[in-house]
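**Q** Sharing protein_2.pdb (PDB, C-alpha atoms) below.
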```pdb
MODEL        1
ATOM      1  CA  MET A   6       0.000   0.000   0.000
ATOM      2  CA  LYS A   7       1.248   3.485  -0.721
ATOM      3  CA  ALA A   8       2.241   5.778   2.130
ATOM      4  CA  LYS A   9      -0.772   8.071   1.712
ATOM      5  CA  GLU A  10      -3.217   5.186   1.752
ATOM      6  CA  LEU A  11      -1.599   3.733   4.844
ATOM      7  CA  ALA A  12      -1.595   7.097   6.630
ATOM      8  CA  PHE A  13      -5.315   7.455   5.836
ATOM      9  CA  MET A  14      -6.121   3.958   7.152
ATOM     10  CA  GLY A  15      -4.097   4.603  10.299
ATOM     11  CA  LYS A  16      -5.672   7.976  10.974
ATOM     12  CA  ILE A  17      -9.248   6.765  10.542
ATOM     13  CA  THR A  18      -8.683   3.618  12.603
ATOM     14  CA  ALA A  19      -7.008   5.556  15.433
ATOM     15  CA  GLY A  20      -9.801   8.126  15.447
ATOM     16  CA  THR A  21     -12.493   5.465  15.486
ATOM     17  CA  THR A  22     -10.891   3.618  18.411
ATOM     18  CA  HIS A  23     -10.927   6.900  20.320
ATOM     19  CA  GLU A  24     -14.673   7.169  19.670
ATOM     20  CA  MET A  25     -15.117   3.550  20.761
ATOM     21  CA  ASN A  26     -13.465   4.399  24.087
ATOM     22  CA  ASN A  27     -15.993   7.203  24.565
ATOM     23  CA  VAL A  28     -18.822   4.728  23.991
ATOM     24  CA  LEU A  29     -17.276   2.289  26.468
ATOM     25  CA  ALA A  30     -16.824   5.068  29.023
ATOM     26  CA  THR A  31     -20.531   5.953  28.733
ATOM     27  CA  ILE A  32     -21.566   2.307  29.085
ATOM     28  CA  ARG A  33     -19.349   1.948  32.154
ATOM     29  CA  GLU A  34     -20.843   5.037  33.830
ATOM     30  CA  SER A  35     -24.418   4.026  32.974
ATOM     31  CA  GLY A  36     -23.879   0.523  34.338
ATOM     32  CA  GLY A  37     -22.157   2.011  37.355
ATOM     33  CA  LEU A  38     -25.139   4.296  38.018
ATOM     34  CA  LEU A  39     -27.472   1.304  37.998
ATOM     35  CA  GLN A  40     -25.198  -0.451  40.494
ATOM     36  CA  ASP A  41     -25.224   2.662  42.664
ATOM     37  CA  LEU A  42     -29.032   2.815  42.585
ATOM     38  CA  MET A  43     -29.256  -0.879  43.455
ATOM     39  CA  GLY A  44     -26.956  -0.148  46.371
ATOM     40  CA  LEU A  45     -29.174   2.672  47.599
ATOM     41  CA  ALA A  46     -32.218   0.422  47.500
ATOM     42  CA  LYS A  47     -30.516  -2.572  49.092
ATOM     43  CA  ASP A  48     -32.925  -2.668  52.062
ATOM     44  CA  GLN A  49     -35.959  -2.739  49.810
ATOM     45  CA  PRO A  50     -37.348  -5.948  48.349
ATOM     46  CA  PHE A  51     -36.353  -6.497  44.728
ATOM     47  CA  PRO A  52     -36.916  -9.971  43.315
ATOM     48  CA  TYR A  53     -34.198  -9.861  40.627
ATOM     49  CA  ARG A  54     -31.491  -8.115  42.645
ATOM     50  CA  ASP A  55     -28.847 -10.825  42.310
ATOM     51  CA  LYS A  56     -29.550 -11.225  38.602
ATOM     52  CA  PHE A  57     -29.294  -7.461  38.017
ATOM     53  CA  LEU A  58     -26.005  -7.256  39.900
ATOM     54  CA  LYS A  59     -24.631 -10.238  37.968
ATOM     55  CA  VAL A  60     -25.616  -8.732  34.618
ATOM     56  CA  LEU A  61     -24.150  -5.350  35.579
ATOM     57  CA  SER A  62     -20.914  -7.107  36.507
ATOM     58  CA  ASN A  63     -20.954  -8.837  33.097
ATOM     59  CA  ILE A  64     -21.433  -5.453  31.430
ATOM     60  CA  ASP A  65     -18.360  -4.096  33.190
ATOM     61  CA  ASP A  66     -16.349  -7.193  32.212
ATOM     62  CA  GLN A  67     -17.308  -6.602  28.576
ATOM     63  CA  VAL A  68     -16.325  -2.936  28.901
ATOM     64  CA  LYS A  69     -12.870  -4.048  30.069
ATOM     65  CA  ARG A  70     -12.698  -6.438  27.104
ATOM     66  CA  GLY A  71     -13.753  -3.658  24.755
ATOM     67  CA  VAL A  72     -11.137  -1.325  26.196
ATOM     68  CA  GLU A  73      -8.407  -3.902  25.580
ATOM     69  CA  LEU A  74      -9.595  -4.501  22.020
ATOM     70  CA  ALA A  75      -9.788  -0.778  21.269
ATOM     71  CA  GLY A  76      -6.342  -0.240  22.783
ATOM     72  CA  LYS A  77      -4.760  -2.947  20.654
ATOM     73  CA  LEU A  78      -6.534  -1.704  17.523
ATOM     74  CA  ASN A  79      -5.265   1.776  18.292
ATOM     75  CA  LYS A  80      -1.711   0.396  18.553
ATOM     76  CA  PHE A  81      -2.209  -1.315  15.185
ATOM     77  CA  ALA A  82      -3.448   1.946  13.688
ATOM     78  CA  HIS A  83      -0.340   3.729  14.940
ATOM     79  CA  SER A  84       1.908   1.028  13.448
ATOM     80  CA  MET A  85       1.176   2.729  10.113
ATOM     81  CA  ASP A  86       2.435   6.131  11.346
ATOM     82  CA  ASN A  87       6.125   5.706  10.875
ATOM     83  CA  PRO A  88       7.939   3.302   8.521
ATOM     84  CA  HIS A  89      11.138   3.662  10.557
ATOM     85  CA  THR A  90      10.440   2.977  14.225
ATOM     86  CA  ARG A  91      12.437   1.500  17.077
ATOM     87  CA  MET A  92      10.307  -0.767  19.203
ATOM     88  CA  ASP A  93      10.370  -3.827  21.443
ATOM     89  CA  ALA A  94      10.072  -7.008  19.457
ATOM     90  CA  LEU A  95       7.849  -8.566  22.130
ATOM     91  CA  THR A  96       5.383  -5.652  21.971
ATOM     92  CA  LEU A  97       5.101  -6.154  18.220
ATOM     93  CA  LEU A  98       4.631  -9.911  18.538
ATOM     94  CA  GLN A  99       1.958  -9.470  21.222
ATOM     95  CA  LEU A 100       0.126  -7.101  18.887
ATOM     96  CA  ASN A 101       0.420  -9.677  16.096
ATOM     97  CA  ILE A 102      -1.088 -12.318  18.364
ATOM     98  CA  PHE A 103      -4.001 -10.003  19.120
ATOM     99  CA  LEU A 104      -4.587  -9.304  15.405
ATOM    100  CA  MET A 105      -4.508 -12.956  14.326
ATOM    101  CA  HIS A 106      -5.909 -14.593  17.467
ATOM    102  CA  ARG A 107      -9.445 -14.865  16.146
ATOM    103  CA  PHE A 108      -8.353 -16.609  12.928
ATOM    104  CA  ALA A 109      -6.243 -19.088  14.878
ATOM    105  CA  ARG A 110      -9.126 -19.769  17.268
ATOM    106  CA  LEU A 111     -11.469 -20.534  14.365
ATOM    107  CA  LYS A 112      -9.010 -23.233  13.236
ATOM    108  CA  GLN A 113      -8.580 -24.405  16.849
ATOM    109  CA  VAL A 114      -4.888 -23.574  16.700
ATOM    110  CA  GLU A 115      -3.224 -21.992  19.718
ATOM    111  CA  LEU A 116      -1.313 -18.802  18.881
ATOM    112  CA  ALA A 117       1.169 -17.609  21.491
ATOM    113  CA  LEU A 118       4.543 -16.097  22.174
ATOM    114  CA  ALA A 119       7.361 -18.653  22.257
ATOM    115  CA  PRO A 120       8.864 -18.782  25.774
ATOM    116  CA  SER A 121      12.323 -18.623  24.227
ATOM    117  CA  SER A 122      11.603 -15.352  22.411
ATOM    118  CA  ALA A 123      14.174 -12.632  23.000
ATOM    119  CA  ASN A 124      13.060  -9.083  23.806
ATOM    120  CA  ILE A 125      15.154  -7.014  21.469
ATOM    121  CA  GLU A 126      14.658  -3.389  20.544
ATOM    122  CA  VAL A 127      14.770  -3.245  16.785
ATOM    123  CA  ALA A 128      14.388  -0.596  14.094
ATOM    124  CA  LEU A 129      11.749  -1.645  11.600
ATOM    125  CA  ASN A 130       8.569  -0.846   9.697
ATOM    126  CA  PRO A 131       6.059  -2.274  12.191
ATOM    127  CA  PHE A 132       3.135  -2.390   9.771
ATOM    128  CA  LEU A 133       5.060  -4.316   7.112
ATOM    129  CA  VAL A 134       6.509  -6.749   9.673
ATOM    130  CA  LEU A 135       2.971  -7.370  10.997
ATOM    131  CA  LEU A 136       1.712  -7.902   7.453
ATOM    132  CA  THR A 137       4.487 -10.381   6.623
ATOM    133  CA  LEU A 138       4.186 -12.369   9.844
ATOM    134  CA  SER A 139       0.390 -12.439   9.510
ATOM    135  CA  SER A 140       0.751 -13.848   5.990
ATOM    136  CA  ALA A 141       3.038 -16.548   7.385
ATOM    137  CA  ILE A 142       0.516 -17.302  10.155
ATOM    138  CA  ASP A 143      -2.219 -17.573   7.512
ATOM    139  CA  LEU A 144      -0.172 -20.171   5.635
ATOM    140  CA  CYS A 145       0.450 -22.120   8.846
ATOM    141  CA  LEU A 146      -3.283 -22.082   9.591
ATOM    142  CA  ALA A 147      -4.105 -23.242   6.064
ATOM    143  CA  ASP A 148      -1.552 -26.059   6.449
ATOM    144  CA  SER A 149      -2.821 -27.267   9.834
ATOM    145  CA  ALA A 150      -4.920 -30.430   9.717
ATOM    146  CA  ALA A 151      -6.329 -30.256  13.241
ATOM    147  CA  GLY A 152      -5.345 -28.251  16.283
ATOM    148  CA  GLY A 153      -1.715 -27.640  17.059
ATOM    149  CA  ALA A 154       0.006 -24.428  17.989
ATOM    150  CA  ILE A 155       1.819 -21.533  16.353
ATOM    151  CA  ALA A 156       4.615 -19.916  18.336
ATOM    152  CA  LEU A 157       5.852 -16.435  17.491
ATOM    153  CA  SER A 158       9.351 -15.442  18.451
ATOM    154  CA  CYS A 159      12.104 -12.959  17.876
ATOM    155  CA  GLY A 160      15.801 -13.767  17.922
ATOM    156  CA  GLN A 161      19.198 -12.662  16.794
ATOM    157  CA  ASP A 162      22.061 -14.605  15.272
ATOM    158  CA  GLU A 163      25.163 -13.950  13.222
ATOM    159  CA  ARG A 164      22.934 -12.954  10.285
ATOM    160  CA  GLY A 165      20.988 -10.374  12.274
ATOM    161  CA  VAL A 166      17.511 -10.063  13.753
ATOM    162  CA  PHE A 167      14.722 -12.434  12.770
ATOM    163  CA  PHE A 168      11.055 -12.992  13.548
ATOM    164  CA  GLU A 169       9.598 -16.471  13.317
ATOM    165  CA  ALA A 170       6.146 -18.037  13.091
ATOM    166  CA  ALA A 171       6.410 -21.782  13.721
ATOM    167  CA  TYR A 172       3.495 -24.205  13.567
ATOM    168  CA  MET A 173       3.717 -27.518  15.431
ATOM    169  CA  GLY A 174       0.999 -30.088  14.885
ATOM    170  CA  SER A 175      -0.729 -32.215  12.292
ATOM    171  CA  ARG A 176      -0.102 -30.908   8.824
ATOM    172  CA  SER A 177      -2.346 -31.312   5.812
ATOM    173  CA  GLY A 178       0.556 -30.919   3.367
ATOM    174  CA  ASP A 179       4.281 -31.565   3.327
ATOM    175  CA  GLN A 180       5.542 -28.648   1.267
ATOM    176  CA  ALA A 181       6.482 -25.172   2.341
ATOM    177  CA  ALA A 182       6.724 -22.071   0.265
ATOM    178  CA  PRO A 183       6.695 -18.484   1.473
ATOM    179  CA  PRO A 184       3.409 -16.633   0.970
ATOM    180  CA  ALA A 185       3.046 -15.356  -2.580
ATOM    181  CA  GLY A 186       3.115 -11.685  -3.468
ATOM    182  CA  LEU A 187       5.311 -10.510  -0.604
ATOM    183  CA  GLU A 188       8.340  -9.657  -2.748
ATOM    184  CA  PRO A 189       7.722  -5.877  -2.852
ATOM    185  CA  ILE A 190       7.106  -5.835   0.904
ATOM    186  CA  LEU A 191      10.254  -7.811   1.624
ATOM    187  CA  ALA A 192      12.190  -5.494  -0.659
ATOM    188  CA  GLU A 193      10.891  -2.488   1.266
ATOM    189  CA  LEU A 194      11.744  -4.181   4.562
ATOM    190  CA  GLY A 195      15.184  -5.028   3.241
ATOM    191  CA  GLY A 196      14.657  -8.571   4.407
ATOM    192  CA  SER A 197      13.952 -12.129   3.360
ATOM    193  CA  LEU A 198      11.448 -14.819   4.273
ATOM    194  CA  GLU A 199      12.662 -18.401   4.660
ATOM    195  CA  ALA A 200      10.355 -21.400   4.862
ATOM    196  CA  GLN A 201      11.229 -24.588   6.692
ATOM    197  CA  ALA A 202       9.053 -27.690   6.579
ATOM    198  CA  GLU A 203       9.236 -31.132   8.136
ATOM    199  CA  PRO A 204       6.611 -33.602   9.385
ATOM    200  CA  GLY A 205       4.695 -31.948  12.175
ATOM    201  CA  ARG A 206       6.371 -28.556  11.783
ATOM    202  CA  LEU A 207       6.125 -25.625   9.432
ATOM    203  CA  ALA A 208       8.046 -22.434  10.123
ATOM    204  CA  PHE A 209       8.610 -19.100   8.422
ATOM    205  CA  ARG A 210      11.517 -16.922   9.429
ATOM    206  CA  LEU A 211      11.538 -13.226   8.506
ATOM    207  CA  ARG A 212      15.057 -11.866   8.473
ATOM    208  CA  LEU A 213      15.619  -8.134   8.568
ATOM    209  CA  ASN A 214      18.596  -6.362   7.102
ATOM    210  CA  PRO A 215      21.534  -7.068   9.449
ATOM    211  CA  ALA A 216      22.360  -3.354   9.473
ATOM    212  CA  ARG A 217      19.052  -2.608  11.338
TER
ATOM    213  CA  MET B  13      -8.868  18.596  53.326
ATOM    214  CA  ALA B  14     -11.229  20.981  51.533
ATOM    215  CA  ASP B  15     -14.568  19.593  50.356
ATOM    216  CA  LEU B  16     -14.524  18.580  46.738
ATOM    217  CA  LYS B  17     -16.280  20.902  44.333
ATOM    218  CA  ALA B  18     -15.865  19.485  40.870
ATOM    219  CA  LEU B  19     -16.554  20.717  37.359
ATOM    220  CA  LEU B  20     -16.685  17.942  34.746
ATOM    221  CA  VAL B  21     -16.016  18.955  31.144
ATOM    222  CA  ASP B  22     -16.593  16.478  28.311
ATOM    223  CA  ASP B  23     -18.417  16.754  24.987
ATOM    224  CA  GLU B  24     -19.976  13.290  25.535
ATOM    225  CA  GLU B  25     -23.136  14.501  27.291
ATOM    226  CA  GLU B  26     -24.439  11.126  28.438
ATOM    227  CA  PHE B  27     -21.048  10.228  29.906
ATOM    228  CA  VAL B  28     -20.419  13.491  31.733
ATOM    229  CA  THR B  29     -23.938  13.894  33.192
ATOM    230  CA  THR B  30     -23.985  10.292  34.432
ATOM    231  CA  LEU B  31     -20.544  10.683  35.989
ATOM    232  CA  ALA B  32     -21.669  13.895  37.738
ATOM    233  CA  GLU B  33     -24.746  12.117  39.070
ATOM    234  CA  ARG B  34     -22.628   9.269  40.450
ATOM    235  CA  LEU B  35     -20.275  11.726  42.162
ATOM    236  CA  GLN B  36     -23.241  13.584  43.687
ATOM    237  CA  MET B  37     -24.580  10.264  45.045
ATOM    238  CA  ARG B  38     -21.235   9.991  46.850
ATOM    239  CA  GLY B  39     -21.622  13.406  48.449
ATOM    240  CA  ILE B  40     -19.351  15.256  46.022
ATOM    241  CA  GLU B  41     -20.607  18.554  44.607
ATOM    242  CA  ALA B  42     -20.282  18.021  40.854
ATOM    243  CA  GLN B  43     -21.437  19.986  37.827
ATOM    244  CA  ALA B  44     -21.237  18.783  34.221
ATOM    245  CA  VAL B  45     -20.758  20.839  31.059
ATOM    246  CA  THR B  46     -20.159  19.760  27.494
ATOM    247  CA  ASP B  47     -17.892  22.432  26.077
ATOM    248  CA  GLY B  48     -14.834  24.415  26.972
ATOM    249  CA  GLU B  49     -16.393  27.889  26.648
ATOM    250  CA  GLU B  50     -19.159  26.997  29.091
ATOM    251  CA  ALA B  51     -16.552  25.559  31.463
ATOM    252  CA  LEU B  52     -14.537  28.785  31.474
ATOM    253  CA  ALA B  53     -17.690  30.850  32.109
ATOM    254  CA  ILE B  54     -18.451  28.747  35.184
ATOM    255  CA  ILE B  55     -14.842  28.906  36.361
ATOM    256  CA  ASP B  56     -15.022  32.718  36.269
ATOM    257  CA  ARG B  57     -18.437  32.883  37.966
ATOM    258  CA  ASP B  58     -18.393  30.071  40.534
ATOM    259  CA  PRO B  59     -15.011  28.384  40.567
ATOM    260  CA  PRO B  60     -14.665  24.730  41.536
ATOM    261  CA  ASN B  61     -11.543  23.442  43.264
ATOM    262  CA  VAL B  62     -11.035  20.611  40.795
ATOM    263  CA  VAL B  63     -11.789  20.266  37.073
ATOM    264  CA  ILE B  64     -12.076  16.926  35.292
ATOM    265  CA  LEU B  65     -11.311  17.831  31.699
ATOM    266  CA  ASP B  66     -11.553  15.785  28.508
ATOM    267  CA  VAL B  67      -8.633  16.464  26.202
ATOM    268  CA  MET B  68     -10.341  15.877  22.841
ATOM    269  CA  MET B  69     -13.285  18.229  22.438
ATOM    270  CA  PRO B  70     -14.607  20.111  19.421
ATOM    271  CA  GLY B  71     -14.145  23.888  19.437
ATOM    272  CA  LEU B  72     -12.005  24.889  22.396
ATOM    273  CA  GLY B  73      -9.973  21.758  23.095
ATOM    274  CA  GLY B  74      -9.036  20.447  26.519
ATOM    275  CA  LEU B  75      -5.452  21.687  26.479
ATOM    276  CA  ASP B  76      -6.606  25.187  25.471
ATOM    277  CA  VAL B  77      -9.104  25.179  28.336
ATOM    278  CA  LEU B  78      -6.333  24.027  30.674
ATOM    279  CA  GLU B  79      -4.108  26.938  29.633
ATOM    280  CA  GLN B  80      -6.961  29.370  30.293
ATOM    281  CA  ILE B  81      -7.642  27.863  33.719
ATOM    282  CA  ARG B  82      -3.957  28.122  34.630
ATOM    283  CA  GLN B  83      -3.994  31.803  33.669
ATOM    284  CA  ARG B  84      -7.315  32.791  35.254
ATOM    285  CA  ARG B  85      -7.565  30.530  38.317
ATOM    286  CA  PRO B  86      -4.172  28.883  38.938
ATOM    287  CA  ARG B  87      -5.297  27.360  42.235
ATOM    288  CA  ILE B  88      -7.830  25.117  40.521
ATOM    289  CA  LYS B  89      -6.473  21.608  40.072
ATOM    290  CA  VAL B  90      -7.083  20.027  36.674
ATOM    291  CA  ILE B  91      -7.229  16.298  36.020
ATOM    292  CA  LEU B  92      -7.226  15.432  32.325
ATOM    293  CA  LEU B  93      -9.153  12.551  30.796
ATOM    294  CA  THR B  94      -7.395  11.101  27.773
ATOM    295  CA  GLY B  95      -8.195   8.243  25.424
ATOM    296  CA  ARG B  96      -6.205   5.014  25.694
ATOM    297  CA  GLY B  97      -3.241   5.419  23.374
ATOM    298  CA  SER B  98      -3.221   9.194  23.913
ATOM    299  CA  THR B  99      -0.593   9.455  26.621
ATOM    300  CA  LYS B 100       1.108  12.145  24.537
ATOM    301  CA  GLU B 101      -1.722  14.617  25.291
ATOM    302  CA  GLY B 102      -1.676  13.648  28.959
ATOM    303  CA  ILE B 103       2.037  14.306  29.237
ATOM    304  CA  GLU B 104       1.694  17.562  27.324
ATOM    305  CA  GLY B 105      -1.064  18.545  29.726
ATOM    306  CA  MET B 106       1.183  17.870  32.715
ATOM    307  CA  HIS B 107       3.775  20.219  31.205
ATOM    308  CA  LEU B 108       1.013  22.823  30.858
ATOM    309  CA  GLY B 109       0.186  22.500  34.552
ATOM    310  CA  ALA B 110      -2.404  19.706  34.852
ATOM    311  CA  PHE B 111      -2.267  17.873  38.162
ATOM    312  CA  ASP B 112      -2.434  14.488  36.457
ATOM    313  CA  TYR B 113      -4.199  12.549  33.722
ATOM    314  CA  LEU B 114      -6.376   9.435  33.684
ATOM    315  CA  MET B 115      -7.379   7.255  30.744
ATOM    316  CA  LYS B 116     -10.989   6.764  29.726
ATOM    317  CA  PRO B 117     -12.972   4.766  30.624
ATOM    318  CA  VAL B 118     -12.040   5.506  34.214
ATOM    319  CA  GLN B 119     -13.067   3.663  37.371
ATOM    320  CA  ILE B 120     -14.977   6.105  39.588
ATOM    321  CA  GLU B 121     -13.068   5.079  42.713
ATOM    322  CA  GLU B 122      -9.793   5.864  40.976
ATOM    323  CA  LEU B 123     -11.149   9.247  39.855
ATOM    324  CA  ILE B 124     -12.335  10.184  43.355
ATOM    325  CA  ALA B 125      -8.981   9.176  44.853
ATOM    326  CA  LYS B 126      -7.178  11.349  42.300
ATOM    327  CA  MET B 127      -9.537  14.288  43.003
ATOM    328  CA  LYS B 128      -8.910  14.003  46.761
ATOM    329  CA  GLU B 129      -5.182  13.832  46.125
ATOM    330  CA  ALA B 130      -5.359  16.939  43.949
ATOM    331  CA  VAL B 131      -7.348  19.036  46.399
ATOM    332  CA  GLY B 132      -5.809  17.682  49.544
ATOM    333  CA  GLY B 133      -2.229  17.986  48.405
TER
ENDMDL
END
```
Write out the structure in this file as structure tokens.
**A**
Amino acid sequence: MKAKELAFMGKITAGTTHEMNNVLATIRESGGLLQDLMGLAKDQPFPYRDKFLKVLSNIDDQVKRGVELAGKLNKFAHSMDNPHTRMDALTLLQLNIFLMHRFARLKQVELALAPSSANIEVALNPFLVLLTLSSAIDLCLADSAAGGAIALSCGQDERGVFFEAAYMGSRSGDQAAPPAGLEPILAELGGSLEAQAEPGRLAFRLRLNPAR
Amino acid sequence: MADLKALLVDDEEEFVTTLAERLQMRGIEAQAVTDGEEALAIIDRDPPNVVILDVMMPGLGGLDVLEQIRQRRPRIKVILLTGRGSTKEGIEGMHLGAFDYLMKPVQIEELIAKMKEAVGG
């Protein structure tokens, strides 16, 4: 996507998440007012008191969930702000997990951070790294036969920094090829995408330019 | 500690009036307005000791209102309400003289504690 299109997407998404937070704030206060009124009337008979309090508690739980979702979406929107950003690798991977979690859940595949993942601060284009890793996750999900898990990690070796999406589980195929159409994105990232396949494992490793 | 007398300023009418009502139920004098100009008129006429101020408002924005409050009534403590992911405005507000900032949606207990800290400190 061109820079202007990305900036537009980012701006609108960030603005909309801000509006969503206003909606959530109103819902929280309205639910809170009902709880307050229930509290004031606690000595008066009310047949559905416990049910009301339970539902109001559920409403607040959903507000918290909404706040987390809006916050993560806002972070994603801001990933389009700056093509040259220094950020924690783990923060980026956690955002990636949030973005792709629903798709993994639909395929009954667990998507999580690898325990061995290093927390490195790295200069990168966060939006393009998210796009590339998400494409790799998509391929892993398409390859999975049933269940299994995808682990996201970041590491560093003699060739530089890398991000990896590795699926472990039953595979429906035995081949591995990087997702198609990513060449311009990899060129812009100054990186490469390596695929590694074996029975029960499919992994994609995104290497960034060693100079980063 | 002085009694709390709060002015709530937010363009989301439903949110700000409900929040004021909840504070009043807790014995806190609280008035709600939905724009910065109205807030400044009240501050001149019947000043509160603490202002809860939304940063993002149409017309006169929260940080502009804050600057005006600091000039006209510097003893009033201002607590900013920012959106999640808008810490930049909160920090900028602190540099402009806000007491602190909280992120929306805010827990009322946390807000009251911050108000007491602002007025009592």
**Q** Taking a cut-off of 12 Å and counting all atoms listed in the file, can you build a table that, for each residue of chain B near chain A, reports the nearest atom pair and how far apart they are in Å (one decimal), sorted by chain then residue number, as JSON lines?
**A**
```
{"residue": "B:Asp22", "atom": "CA", "partner": "A:Asn27", "partner_atom": "CA", "distance": 10.0}
{"residue": "B:Asp23", "atom": "CA", "partner": "A:Asn27", "partner_atom": "CA", "distance": 9.9}
{"residue": "B:Glu24", "atom": "CA", "partner": "A:Asn27", "partner_atom": "CA", "distance": 7.3}
{"residue": "B:Glu25", "atom": "CA", "partner": "A:Thr31", "partner_atom": "CA", "distance": 9.1}
{"residue": "B:Glu26", "atom": "CA", "partner": "A:Thr31", "partner_atom": "CA", "distance": 6.5}
{"residue": "B:Phe27", "atom": "CA", "partner": "A:Thr31", "partner_atom": "CA", "distance": 4.5}
{"residue": "B:Val28", "atom": "CA", "partner": "A:Thr31", "partner_atom": "CA", "distance": 8.1}
{"residue": "B:Thr29", "atom": "CA", "partner": "A:Glu34", "partner_atom": "CA", "distance": 9.4}
{"residue": "B:Thr30", "atom": "CA", "partner": "A:Glu34", "partner_atom": "CA", "distance": 6.2}
{"residue": "B:Leu31", "atom": "CA", "partner": "A:Glu34", "partner_atom": "CA", "distance": 6.1}
{"residue": "B:Ala32", "atom": "CA", "partner": "A:Glu34", "partner_atom": "CA", "distance": 9.7}
{"residue": "B:Glu33", "atom": "CA", "partner": "A:Leu38", "partner_atom": "CA", "distance": 7.9}
{"residue": "B:Arg34", "atom": "CA", "partner": "A:Leu38", "partner_atom": "CA", "distance": 6.1}
{"residue": "B:Leu35", "atom": "CA", "partner": "A:Leu38", "partner_atom": "CA", "distance": 9.8}
{"residue": "B:Gln36", "atom": "CA", "partner": "A:Leu38", "partner_atom": "CA", "distance": 11.0}
{"residue": "B:Met37", "atom": "CA", "partner": "A:Asp41", "partner_atom": "CA", "distance": 8.0}
{"residue": "B:Arg38", "atom": "CA", "partner": "A:Asp41", "partner_atom": "CA", "distance": 9.3}
{"residue": "B:Asp66", "atom": "CA", "partner": "A:Asn27", "partner_atom": "CA", "distance": 10.4}
{"residue": "B:Val67", "atom": "CA", "partner": "A:His23", "partner_atom": "CA", "distance": 11.5}
{"residue": "B:Met68", "atom": "CA", "partner": "A:His23", "partner_atom": "CA", "distance": 9.3}
{"residue": "B:Met69", "atom": "CA", "partner": "A:Glu24", "partner_atom": "CA", "distance": 11.5}
{"residue": "B:Leu93", "atom": "CA", "partner": "A:Asn27", "partner_atom": "CA", "distance": 10.7}
{"residue": "B:Thr94", "atom": "CA", "partner": "A:His23", "partner_atom": "CA", "distance": 9.3}
{"residue": "B:Gly95", "atom": "CA", "partner": "A:His23", "partner_atom": "CA", "distance": 5.9}
{"residue": "B:Arg96", "atom": "CA", "partner": "A:Gly76", "partner_atom": "CA", "distance": 6.0}
{"residue": "B:Gly97", "atom": "CA", "partner": "A:Gly76", "partner_atom": "CA", "distance": 6.5}
{"residue": "B:Ser98", "atom": "CA", "partner": "A:His23", "partner_atom": "CA", "distance": 8.8}
{"residue": "B:Thr99", "atom": "CA", "partner": "A:Gly76", "partner_atom": "CA", "distance": 11.9}
{"residue": "B:Met115", "atom": "CA", "partner": "A:Asn26", "partner_atom": "CA", "distance": 9.5}
{"residue": "B:Lys116", "atom": "CA", "partner": "A:Ala30", "partner_atom": "CA", "distance": 6.1}
{"residue": "B:Pro117", "atom": "CA", "partner": "A:Ala30", "partner_atom": "CA", "distance": 4.2}
{"residue": "B:Val118", "atom": "CA", "partner": "A:Ala30", "partner_atom": "CA", "distance": 7.1}
{"residue": "B:Gln119", "atom": "CA", "partner": "A:Arg33", "partner_atom": "CA", "distance": 8.3}
{"residue": "B:Ile120", "atom": "CA", "partner": "A:Glu34", "partner_atom": "CA", "distance": 8.3}
{"residue": "B:Glu121", "atom": "CA", "partner": "A:Gly37", "partner_atom": "CA", "distance": 11.0}
```
**Q** Taking all atoms listed in the file into account, name the residue in A:Met43, A:Ala147, A:Leu213, A:Leu74 that is nearest to Asp55 (chain A).
**A**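 Between A:Met43, A:Ala147, A:Leu213, A:Leu74, the residue approaching Asp55 (chain A) most closely is A:Met43.
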**Q** To verify the selection step, state as a ChimeraX atom specification which residues the PyMOL selection byres ((chain B and resi 86) around 12) yields on this input.
**A** /B:55-56,59-63,78-85,87-90,108-111
**Q** List, as a list in words, every residue that the PyMOL selection byres ((chain B and resi 48) around 8) selects in the file provided.
**A**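 Selection result, ordered by chain and number: Val21, Thr46, Asp47, Glu49, Glu50, Ala51, Leu52, Met69, Gly71, Leu72, Gly73, Gly74 and Val77 of chain B.
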**Q** Starting from the PyMOL selection byres ((chain A and resi 214) around 12), expand the selection into actual residues of this file and give them as a list in words.
**A**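 Selected by the PyMOL selection byres ((chain A and resi 214) around 12) here: Val127, Ala128, Leu129, Asn130, Gln161, Glu163, Arg164, Gly165, Val166, Phe167, Phe168, Leu191, Ala192, Glu193, Leu194, Gly195, Gly196, Ser197, Leu198, Leu211, Arg212, Leu213, Pro215, Ala216 and Arg217 of chain A.
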**Q** Go ahead and dump the residues you just picked, C-alpha atoms, as an mmCIF file, in the coordinates of the input.
**A**
```
data_model
loop_
_atom_site.group_PDB
_atom_site.id
_atom_site.type_symbol
_atom_site.label_atom_id
_atom_site.label_comp_id
_atom_site.auth_asym_id
_atom_site.auth_seq_id
_atom_site.Cartn_x
_atom_site.Cartn_y
_atom_site.Cartn_z
ATOM 1 C CA VAL A 127 14.770 -3.245 16.785
ATOM 2 C CA ALA A 128 14.388 -0.596 14.094
ATOM 3 C CA LEU A 129 11.749 -1.645 11.600
ATOM 4 C CA ASN A 130 8.569 -0.846 9.697
ATOM 5 C CA GLN A 161 19.198 -12.662 16.794
ATOM 6 C CA GLU A 163 25.163 -13.950 13.222
ATOM 7 C CA ARG A 164 22.934 -12.954 10.285
ATOM 8 C CA GLY A 165 20.988 -10.374 12.274
ATOM 9 C CA VAL A 166 17.511 -10.063 13.753
ATOM 10 C CA PHE A 167 14.722 -12.434 12.770
ATOM 11 C CA PHE A 168 11.055 -12.992 13.548
ATOM 12 C CA LEU A 191 10.254 -7.811 1.624
ATOM 13 C CA ALA A 192 12.190 -5.494 -0.659
ATOM 14 C CA GLU A 193 10.891 -2.488 1.266
ATOM 15 C CA LEU A 194 11.744 -4.181 4.562
ATOM 16 C CA GLY A 195 15.184 -5.028 3.241
ATOM 17 C CA GLY A 196 14.657 -8.571 4.407
ATOM 18 C CA SER A 197 13.952 -12.129 3.360
ATOM 19 C CA LEU A 198 11.448 -14.819 4.273
ATOM 20 C CA LEU A 211 11.538 -13.226 8.506
ATOM 21 C CA ARG A 212 15.057 -11.866 8.473
ATOM 22 C CA LEU A 213 15.619 -8.134 8.568
ATOM 23 C CA PRO A 215 21.534 -7.068 9.449
ATOM 24 C CA ALA A 216 22.360 -3.354 9.473
ATOM 25 C CA ARG A 217 19.052 -2.608 11.338
#
```
